[in-house]
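Asker: Dumping the structure here so I can ask a few things about it.
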Amino acid sequence: MNSVFDTPAPNFSEPEIQQILNTSFNIKGQVKSLYSDRDQNFLITTNDHNYILKVHNTAEKLETIQMQESAIAHIKNTDSTISVPLTIKNVTINFQSSRYYIRLLEYIEGEFL
């Protein structure tokens with residue numbers, strides 16, 4: 001059984017991410033790769049906003065992603081003073097014989113740990 005710990009992280013190029021942003025999210029902006037151990041994350045910078053684009057590992061279970069979304073919603077609903085990155089939109093795409101779940105998230109300014 002494959003897990004997120006033994007399945008390679010997604011490996012999209014910045015131009016491929018720009019195309020996904022265009023076609024799936026109707027966004028044009030600069031793409032900068034960010035560190036991630038089992039997913040692939042990007043900082044998206046437009047004239048008006050910054051976003052995080054998260055490409056989930058193909059071995060990540062949808063239930064786990066939904067649990068993350070529920071936890072974020074619970075935090076936001078329990079204490080709105082806590083900054084959490086809400087999902088703006090998510091899509092599922094097929095690319096190079098694999099299926100990827102991709103989330104566009106709000107960007108929260110801060111220091112990367």
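Following the order of the structure tokens, chains are lettered A, B, ..., residues in each are numbered from 1, and ligands are numbered from 1.
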Based on DSSP run over this structure's backbone, return all residues of range 25-83 of chain A in strand (DSSP E or B), as a PyMOL selection string.

Answerer: chain A and resi 30-34+40-45+50-55

Asker: Filtering to C-alpha atoms, could you give me those residues as a short mmCIF file (atom, residue, chain, number, x, y, z; two decimals), in the first residue's frame?

Answerer:
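Listed below is the output, out-v7.cif:
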```
data_model
loop_
_atom_site.label_atom_id
_atom_site.label_comp_id
_atom_site.auth_asym_id
_atom_site.auth_seq_id
_atom_site.Cartn_x
_atom_site.Cartn_y
_atom_site.Cartn_z
CA GLN A 30 4.26 35.01 -10.75
CA VAL A 31 4.94 31.52 -9.42
CA LYS A 32 7.57 30.75 -6.78
CA SER A 33 8.20 27.24 -5.52
CA LEU A 34 8.07 26.78 -1.73
CA GLN A 40 4.20 20.73 -3.70
CA ASN A 41 3.50 24.32 -2.70
CA PHE A 42 3.81 27.60 -4.57
CA LEU A 43 3.55 31.27 -3.71
CA ILE A 44 1.41 32.96 -6.34
CA THR A 45 1.82 36.73 -6.67
CA ASN A 50 -0.90 36.70 -2.97
CA TYR A 51 -2.02 33.08 -2.79
CA ILE A 52 -0.68 29.66 -1.90
CA LEU A 53 -1.25 26.88 -4.41
CA LYS A 54 -0.99 23.42 -2.88
CA VAL A 55 -0.64 20.33 -5.07
#
```

Asker: Given only C-alpha atoms, how would the per-residue table for range 28-70 of chain A near range 4-19 of chain A read, listing every residue at most 6 Å away with its closest atom pair and distance in Å to one decimal, sorted by chain and number, as a Markdown table?

Answerer:
```
| residue | atom | partner | partner_atom | distance |
| --- | --- | --- | --- | --- |
| A:Arg38 | CA | A:Ala9 | CA | 4.7 |
| A:Asp39 | CA | A:Ala9 | CA | 5.1 |
| A:Gln40 | CA | A:Pro10 | CA | 5.8 |
| A:Asn57 | CA | A:Ala9 | CA | 5.5 |
| A:Ala59 | CA | A:Val4 | CA | 5.1 |
| A:Glu60 | CA | A:Val4 | CA | 5.8 |
```

Asker: Can you write just those residues out, all heavy atoms, as a PDB file, in the first residue's frame?

Answerer:
```
ATOM      1  N   ARG A  38       6.083  16.417   1.235  1.00  0.00           N
ATOM      2  CA  ARG A  38       5.356  15.370   0.506  1.00  0.00           C
ATOM      3  C   ARG A  38       4.334  15.897  -0.483  1.00  0.00           C
ATOM      4  O   ARG A  38       3.735  15.142  -1.233  1.00  0.00           O
ATOM      5  CB  ARG A  38       4.713  14.408   1.482  1.00  0.00           C
ATOM      6  CG  ARG A  38       3.682  15.033   2.379  1.00  0.00           C
ATOM      7  CD  ARG A  38       3.130  14.005   3.352  1.00  0.00           C
ATOM      8  NE  ARG A  38       2.073  14.562   4.131  1.00  0.00           N
ATOM      9  CZ  ARG A  38       2.158  14.861   5.407  1.00  0.00           C
ATOM     10  NH1 ARG A  38       3.273  14.659   6.049  1.00  0.00           N
ATOM     11  NH2 ARG A  38       1.125  15.357   6.040  1.00  0.00           N
ATOM     12  N   ASP A  39       4.064  17.211  -0.454  1.00  0.00           N
ATOM     13  CA  ASP A  39       3.199  17.866  -1.421  1.00  0.00           C
ATOM     14  C   ASP A  39       4.074  18.808  -2.235  1.00  0.00           C
ATOM     15  O   ASP A  39       5.291  18.752  -2.138  1.00  0.00           O
ATOM     16  CB  ASP A  39       2.095  18.660  -0.714  1.00  0.00           C
ATOM     17  CG  ASP A  39       1.214  17.783   0.170  1.00  0.00           C
ATOM     18  OD1 ASP A  39       0.881  16.660  -0.253  1.00  0.00           O
ATOM     19  OD2 ASP A  39       0.862  18.225   1.275  1.00  0.00           O
ATOM     20  N   GLN A  40       3.458  19.682  -3.000  1.00  0.00           N
ATOM     21  CA  GLN A  40       4.196  20.726  -3.700  1.00  0.00           C
ATOM     22  C   GLN A  40       3.433  22.023  -3.513  1.00  0.00           C
ATOM     23  O   GLN A  40       2.231  22.082  -3.785  1.00  0.00           O
ATOM     24  CB  GLN A  40       4.371  20.386  -5.187  1.00  0.00           C
ATOM     25  CG  GLN A  40       5.380  21.265  -5.875  1.00  0.00           C
ATOM     26  CD  GLN A  40       5.636  20.854  -7.327  1.00  0.00           C
ATOM     27  OE1 GLN A  40       4.845  20.134  -7.943  1.00  0.00           O
ATOM     28  NE2 GLN A  40       6.734  21.319  -7.865  1.00  0.00           N
ATOM     29  N   ASN A  57      -0.009  15.357  -2.689  1.00  0.00           N
ATOM     30  CA  ASN A  57       0.596  14.089  -3.074  1.00  0.00           C
ATOM     31  C   ASN A  57      -0.503  13.153  -3.579  1.00  0.00           C
ATOM     32  O   ASN A  57      -1.597  13.119  -3.005  1.00  0.00           O
ATOM     33  CB  ASN A  57       1.298  13.499  -1.845  1.00  0.00           C
ATOM     34  CG  ASN A  57       2.132  12.284  -2.161  1.00  0.00           C
ATOM     35  OD1 ASN A  57       1.625  11.295  -2.662  1.00  0.00           O
ATOM     36  ND2 ASN A  57       3.399  12.373  -1.844  1.00  0.00           N
ATOM     37  N   ALA A  59      -0.839  10.119  -3.225  1.00  0.00           N
ATOM     38  CA  ALA A  59      -1.193   9.079  -2.250  1.00  0.00           C
ATOM     39  C   ALA A  59      -2.007   9.629  -1.080  1.00  0.00           C
ATOM     40  O   ALA A  59      -2.477   8.864  -0.237  1.00  0.00           O
ATOM     41  CB  ALA A  59       0.064   8.397  -1.729  1.00  0.00           C
ATOM     42  N   GLU A  60      -2.182  10.949  -1.021  1.00  0.00           N
ATOM     43  CA  GLU A  60      -2.958  11.549   0.076  1.00  0.00           C
ATOM     44  C   GLU A  60      -4.422  11.184  -0.091  1.00  0.00           C
ATOM     45  O   GLU A  60      -5.007  11.354  -1.166  1.00  0.00           O
ATOM     46  CB  GLU A  60      -2.813  13.070   0.065  1.00  0.00           C
ATOM     47  CG  GLU A  60      -3.385  13.753   1.280  1.00  0.00           C
ATOM     48  CD  GLU A  60      -2.515  13.596   2.504  1.00  0.00           C
ATOM     49  OE1 GLU A  60      -1.462  14.248   2.570  1.00  0.00           O
ATOM     50  OE2 GLU A  60      -2.890  12.802   3.392  1.00  0.00           O
TER      51      GLU A  60
END
```

Asker: Rounded to one decimal place, report the CA of Gly29 in chain A-CA of Pro85 in chain A distance in Å.

Answerer: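 Pair CA of Gly29 in chain A / CA of Pro85 in chain A returns 19.0 Å.
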
Asker: Run DSSP on the backbone and tell me which residues of range 6-107 of chain A come out as helix (DSSP H, G or I); list them as a list of chain:residue names.

Answerer: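 Helix (DSSP H, G or I) assignments inside range 6-107 of chain A correspond to A:Glu14, A:Pro15, A:Glu16, A:Ile17, A:Gln18, A:Gln19, A:Ile20, A:Leu21, A:Asn22, A:Thr23, A:Ser24, A:Phe25, A:Leu62, A:Glu63, A:Thr64, A:Ile65, A:Gln66, A:Met67, A:Gln68, A:Glu69, A:Ser70, A:Ala71, A:Ile72, A:Ala73, A:His74, A:Ile75, A:Lys76, A:Asn77, A:Thr78.
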
Asker: Tell me which of A:Gln66, A:Glu109, A:Arg103, A:Ser97 sits closest to Val84 in chain A, counting only C-alpha atoms.

Answerer: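 Of the candidates, the smallest distance to Val84 in chain A is held by A:Glu109.
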